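Here is the structure we will look at.
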Amino acid sequence: MTTTRRRLLAGSAAVVMGAALDAPAAHAHTASGGGRKPTVVLVHGAFADASGWNGVASRLIRDGYPVIAPSNPLRGVAADSAYLASVLATLSGPLVLVAHSYGGIVVTNAATGNPNVKALVYVAAFAPDQGETLLGLQTKYPGSRLSEAALDFRPYGEGLVDGYIKKEFFHDVFAGDLPKATTALMWAGQRPADVRTLGEPSGTPAWRTVPSWYLVGRDDQVLPPAAQRFMAHRAGAHTFEADTSHVAMIARPAATAALIRRAAR
């Protein structure tokens, strides 16, 4: 399906997240034509781990979808994309890739050229074009509060540096609609991101040839909603919006799972 046709089908206007999307499935969905359900691959972003997908994964597993949530190494765009591509190569049958935040740039690259990937789902995630960087997209529009002042930097190895979100910023910037007791644990167990990822250019984007869906978090303090809408529109994504923070998959797991089911049809 061409990008132009997908844009015509998706439309340029975002559809407001409503009761229909939030409603739990009445029965387990089957893939188009009654074939096997696609395997759903859940890819986390920086400062997080795969447990952030637990609420979504449990719903999909209950509905009969095969689910895998591999660990994203967070060592660099090219390295992480190659790692995910190697994981995908071990999976047979149709695949739906779902990404949060930094995971978006990873799936955008890892899915390129893989004929098994039938859909991409971006959850408040980066969907870069070739040559674009995380920092460039994050600062393209005003509104991000994940500035250098919000990060702790810790060197590792020879001349390498990891970034962590500071404790005093974590709740309000990263996950403002979650209880502070929850975000305290998330902060304590956050995975660091190699700061080189901020300026590393993306490659040929899979969304040029693979249908995509996008969940915009209207209250996102990390990746501005305007940037999310820009990337979703450019990709011709079926776009939905929700009043949620950057961690939409944790704050709104039912709505996120419902969107994935739509992509998996």
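Identifiers for the structure tokens are assigned positionally: chains receive A, B, ... in sequence, residues are indexed from 1 per chain, and ligands are indexed from 1 in the order shown.
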
### Task
List the neighbours of Gly35 (chain A) out to 12 Å using only C-alpha atoms; skip same-chain residues closer than 6 positions along the sequence, and give me the result as a list in words.
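Non-adjacent residues within range: His29, Gly93, Pro94, Ala264 and Arg265 of chain A.
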
Export of the given selection (all heavy atoms) as a short mmCIF file (atom, residue, chain, number, x, y, z; two decimals), in the first residue's frame:
```
data_model
loop_
_atom_site.label_atom_id
_atom_site.label_comp_id
_atom_site.auth_asym_id
_atom_site.auth_seq_id
_atom_site.Cartn_x
_atom_site.Cartn_y
_atom_site.Cartn_z
N HIS A 29 -10.13 -11.35 19.09
CA HIS A 29 -10.14 -11.01 17.68
C HIS A 29 -9.35 -12.04 16.87
O HIS A 29 -8.39 -12.61 17.35
CB HIS A 29 -9.52 -9.63 17.47
CG HIS A 29 -10.37 -8.52 18.00
ND1 HIS A 29 -11.20 -7.78 17.21
CD2 HIS A 29 -10.52 -8.03 19.26
CE1 HIS A 29 -11.83 -6.87 17.94
NE2 HIS A 29 -11.43 -7.00 19.18
N GLY A 93 5.54 -15.76 10.87
CA GLY A 93 4.18 -15.26 10.74
C GLY A 93 4.10 -13.75 10.82
O GLY A 93 5.12 -13.06 10.97
N PRO A 94 2.88 -13.20 10.73
CA PRO A 94 2.71 -11.75 10.73
C PRO A 94 3.08 -11.13 12.08
O PRO A 94 2.89 -11.73 13.14
CB PRO A 94 1.22 -11.58 10.43
CG PRO A 94 0.59 -12.86 10.87
CD PRO A 94 1.60 -13.93 10.61
N ALA A 264 -4.01 -4.83 14.42
CA ALA A 264 -3.77 -6.26 14.19
C ALA A 264 -4.86 -6.93 13.36
O ALA A 264 -4.74 -8.10 13.02
CB ALA A 264 -3.63 -6.98 15.53
N ARG A 265 -5.92 -6.21 13.02
CA ARG A 265 -7.03 -6.83 12.27
C ARG A 265 -6.59 -7.22 10.87
O ARG A 265 -5.80 -6.53 10.24
CB ARG A 265 -8.21 -5.86 12.17
CG ARG A 265 -8.94 -5.68 13.50
CD ARG A 265 -10.01 -4.61 13.37
NE ARG A 265 -10.69 -4.41 14.65
CZ ARG A 265 -11.52 -3.38 14.88
NH1 ARG A 265 -11.75 -2.49 13.92
NH2 ARG A 265 -12.11 -3.27 16.04
#
```

### Task
Considering only C-alpha atoms, return as a PyMOL selection string whatever protein or nucleic-acid residues lie within 9 Å of Ala57 (chain A), sequence-local ones (same chain, fewer than 2 positions apart) excluded.
chain A and resi 40+42+53-55+59-62+65+67-69+253+257

### Task
Find the distance between CA of Asn109 (chain A) and CA of Gly64 (chain A) and write it in Å to one decimal.
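Taking CA of Asn109 (chain A) as the start and CA of Gly64 (chain A) as the end point, the length is 27.7 Å.
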
### Exercise: region 139-141 of chain A partners within 12 Å, only C-alpha atoms, chain neighbours under 4 positions left out, as a list in words
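What passes the distance filter is Pro128, Glu132, Thr133, Leu134, Leu135, Arg145, Leu146, Ser147, Leu198, Gln221, Val222, Leu223, Pro224, Pro225, Ala226, Ala227, Gln228, Arg229, Phe230 and Met231 of chain A.
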
Could you save the residues just selected, with C-alpha atoms, as an mmCIF file, in the first residue's frame?
```cif
data_model
loop_
_atom_site.group_PDB
_atom_site.id
_atom_site.type_symbol
_atom_site.label_atom_id
_atom_site.label_comp_id
_atom_site.auth_asym_id
_atom_site.auth_seq_id
_atom_site.Cartn_x
_atom_site.Cartn_y
_atom_site.Cartn_z
ATOM 1 C CA PRO A 128 11.526 9.765 12.328
ATOM 2 C CA GLU A 132 16.312 12.879 11.544
ATOM 3 C CA THR A 133 17.415 12.669 15.184
ATOM 4 C CA LEU A 134 15.657 12.305 18.501
ATOM 5 C CA LEU A 135 16.835 15.701 19.698
ATOM 6 C CA ARG A 145 10.349 19.558 29.856
ATOM 7 C CA LEU A 146 12.948 16.811 29.464
ATOM 8 C CA SER A 147 15.827 19.257 29.273
ATOM 9 C CA LEU A 198 20.056 11.914 20.913
ATOM 10 C CA GLN A 221 5.745 16.620 28.852
ATOM 11 C CA VAL A 222 8.554 14.690 27.137
ATOM 12 C CA LEU A 223 7.613 14.557 23.446
ATOM 13 C CA PRO A 224 5.348 17.539 22.663
ATOM 14 C CA PRO A 225 1.902 16.605 21.310
ATOM 15 C CA ALA A 226 2.528 18.898 18.325
ATOM 16 C CA ALA A 227 5.572 16.818 17.399
ATOM 17 C CA GLN A 228 3.571 13.616 17.767
ATOM 18 C CA ARG A 229 0.821 14.944 15.490
ATOM 19 C CA PHE A 230 3.401 16.069 12.936
ATOM 20 C CA MET A 231 5.031 12.638 12.778
#
```

### Task
Mind listing the alpha helix (DSSP H) residues of region 68-175 of chain A, per DSSP on the backbone, as a PyMOL selection string?
chain A and resi 77-88+103-110+134-138+167-169

C-alpha atoms of the current selection, written as a PDB file, in the first residue's frame:
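Full text of part.pdb as output:
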```
ATOM      1  CA  VAL A  77      19.961   3.808  17.390  1.00  0.00           C
ATOM      2  CA  ALA A  78      21.898   1.592  14.974  1.00  0.00           C
ATOM      3  CA  ALA A  79      22.860  -0.969  17.629  1.00  0.00           C
ATOM      4  CA  ASP A  80      19.380  -1.188  19.172  1.00  0.00           C
ATOM      5  CA  SER A  81      17.698  -1.401  15.765  1.00  0.00           C
ATOM      6  CA  ALA A  82      20.028  -4.197  14.697  1.00  0.00           C
ATOM      7  CA  TYR A  83      19.333  -6.056  17.926  1.00  0.00           C
ATOM      8  CA  LEU A  84      15.561  -5.792  17.487  1.00  0.00           C
ATOM      9  CA  ALA A  85      15.857  -6.823  13.832  1.00  0.00           C
ATOM     10  CA  SER A  86      17.682  -9.952  14.969  1.00  0.00           C
ATOM     11  CA  VAL A  87      14.855 -10.734  17.396  1.00  0.00           C
ATOM     12  CA  LEU A  88      12.251 -10.224  14.670  1.00  0.00           C
ATOM     13  CA  GLY A 103      11.367   2.655  20.954  1.00  0.00           C
ATOM     14  CA  GLY A 104       9.718   4.337  17.984  1.00  0.00           C
ATOM     15  CA  ILE A 105      13.002   5.136  16.268  1.00  0.00           C
ATOM     16  CA  VAL A 106      14.102   1.555  16.919  1.00  0.00           C
ATOM     17  CA  VAL A 107      11.074  -0.092  15.296  1.00  0.00           C
ATOM     18  CA  THR A 108      11.120   2.446  12.457  1.00  0.00           C
ATOM     19  CA  ASN A 109      14.553   1.126  11.500  1.00  0.00           C
ATOM     20  CA  ALA A 110      14.300  -2.518  12.591  1.00  0.00           C
ATOM     21  CA  LEU A 134      15.657  12.305  18.501  1.00  0.00           C
ATOM     22  CA  LEU A 135      16.835  15.701  19.698  1.00  0.00           C
ATOM     23  CA  GLY A 136      15.743  17.385  16.494  1.00  0.00           C
ATOM     24  CA  LEU A 137      12.215  15.970  16.739  1.00  0.00           C
ATOM     25  CA  GLN A 138      11.904  16.540  20.488  1.00  0.00           C
ATOM     26  CA  LYS A 167      14.168  12.105  40.917  1.00  0.00           C
ATOM     27  CA  GLU A 168      12.662  15.565  41.401  1.00  0.00           C
ATOM     28  CA  PHE A 169      11.600  15.687  37.740  1.00  0.00           C
TER      29      PHE A 169
END
```

### Query
For Arg191 (chain A), which residue among A:Ile165, A:Leu91, A:Leu178, A:Ala99 is the nearest when counting only C-alpha atoms?
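For Arg191 (chain A), the nearest of the candidates is A:Ile165.
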
### Message
Please determine, counting only C-alpha atoms, which residue among A:His100, A:Gly217, A:Ala184, A:Pro66 has the shortest atom-to-atom distance to Gly52 (chain A).
### Response
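So, comparing all the options, the nearest one is A:His100.
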
### Task
Rounded to one decimal place, report the CA of Pro179 (chain A)-CA of Val43 (chain A) distance in Å.
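Going from CA of Pro179 (chain A) over to CA of Val43 (chain A), I get 23.3 Å.
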
### Query
Within 8 Å of Phe174 (chain A), counting only C-alpha atoms, which residues qualify if same-chain residues fewer than 2 places away don't, as a list in words?
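The neighbour list is Phe169, Phe170, His171, Asp172, Gly176, Asp220, Gln221, Val222, Ser245, His246 and Val247 of chain A.
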
Residue selection dump (N, CA, C and O atoms) as a short mmCIF file (atom, residue, chain, number, x, y, z; two decimals), in the first residue's frame:
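So the final result, stored in again_35.cif, reads:
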```cif
data_model
loop_
_atom_site.label_atom_id
_atom_site.label_comp_id
_atom_site.auth_asym_id
_atom_site.auth_seq_id
_atom_site.Cartn_x
_atom_site.Cartn_y
_atom_site.Cartn_z
N PHE A 169 12.29 15.41 38.99
CA PHE A 169 11.60 15.69 37.74
C PHE A 169 10.77 14.50 37.25
O PHE A 169 9.89 14.67 36.40
N PHE A 170 11.06 13.31 37.76
CA PHE A 170 10.54 12.09 37.14
C PHE A 170 9.02 12.07 37.05
O PHE A 170 8.45 11.84 35.98
N HIS A 171 8.35 12.28 38.17
CA HIS A 171 6.88 12.18 38.17
C HIS A 171 6.25 13.20 37.24
O HIS A 171 5.48 12.86 36.33
N ASP A 172 6.56 14.47 37.45
CA ASP A 172 5.85 15.53 36.72
C ASP A 172 6.17 15.52 35.22
O ASP A 172 5.31 15.81 34.40
N GLY A 176 3.09 12.11 34.83
CA GLY A 176 2.35 12.95 35.75
C GLY A 176 0.98 12.44 36.15
O GLY A 176 0.42 12.90 37.15
N ASP A 220 1.55 15.06 27.26
CA ASP A 220 2.94 14.60 27.25
C ASP A 220 3.89 15.77 27.51
O ASP A 220 3.86 16.78 26.80
N GLN A 221 4.76 15.60 28.51
CA GLN A 221 5.75 16.62 28.85
C GLN A 221 7.14 16.27 28.36
O GLN A 221 8.10 17.00 28.61
N VAL A 222 7.27 15.13 27.68
CA VAL A 222 8.55 14.69 27.14
C VAL A 222 8.62 14.96 25.64
O VAL A 222 9.49 15.68 25.15
N SER A 245 -0.31 11.28 29.98
CA SER A 245 1.09 11.69 30.03
C SER A 245 1.91 10.93 28.99
O SER A 245 1.35 10.24 28.13
N HIS A 246 3.23 11.00 29.10
CA HIS A 246 4.11 10.32 28.16
C HIS A 246 3.95 8.81 28.22
O HIS A 246 4.15 8.13 27.22
N VAL A 247 3.57 8.27 29.39
CA VAL A 247 3.48 6.81 29.53
C VAL A 247 2.03 6.35 29.34
O VAL A 247 1.42 5.75 30.22
#
```

### Task
Check the smallest atom-to-atom distance from each of A:Gly157, A:Gly143, A:Ala124, A:Gln190 to Glu241 (chain A) using only C-alpha atoms, then report the winner.
A:Ala124

### Query
Using only C-alpha atoms, which of A:Ala181, A:Ala193, A:Val161, A:Val210 sits nearest Leu95 (chain A)?
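Among the listed residues, A:Val210 lies closest to Leu95 (chain A).
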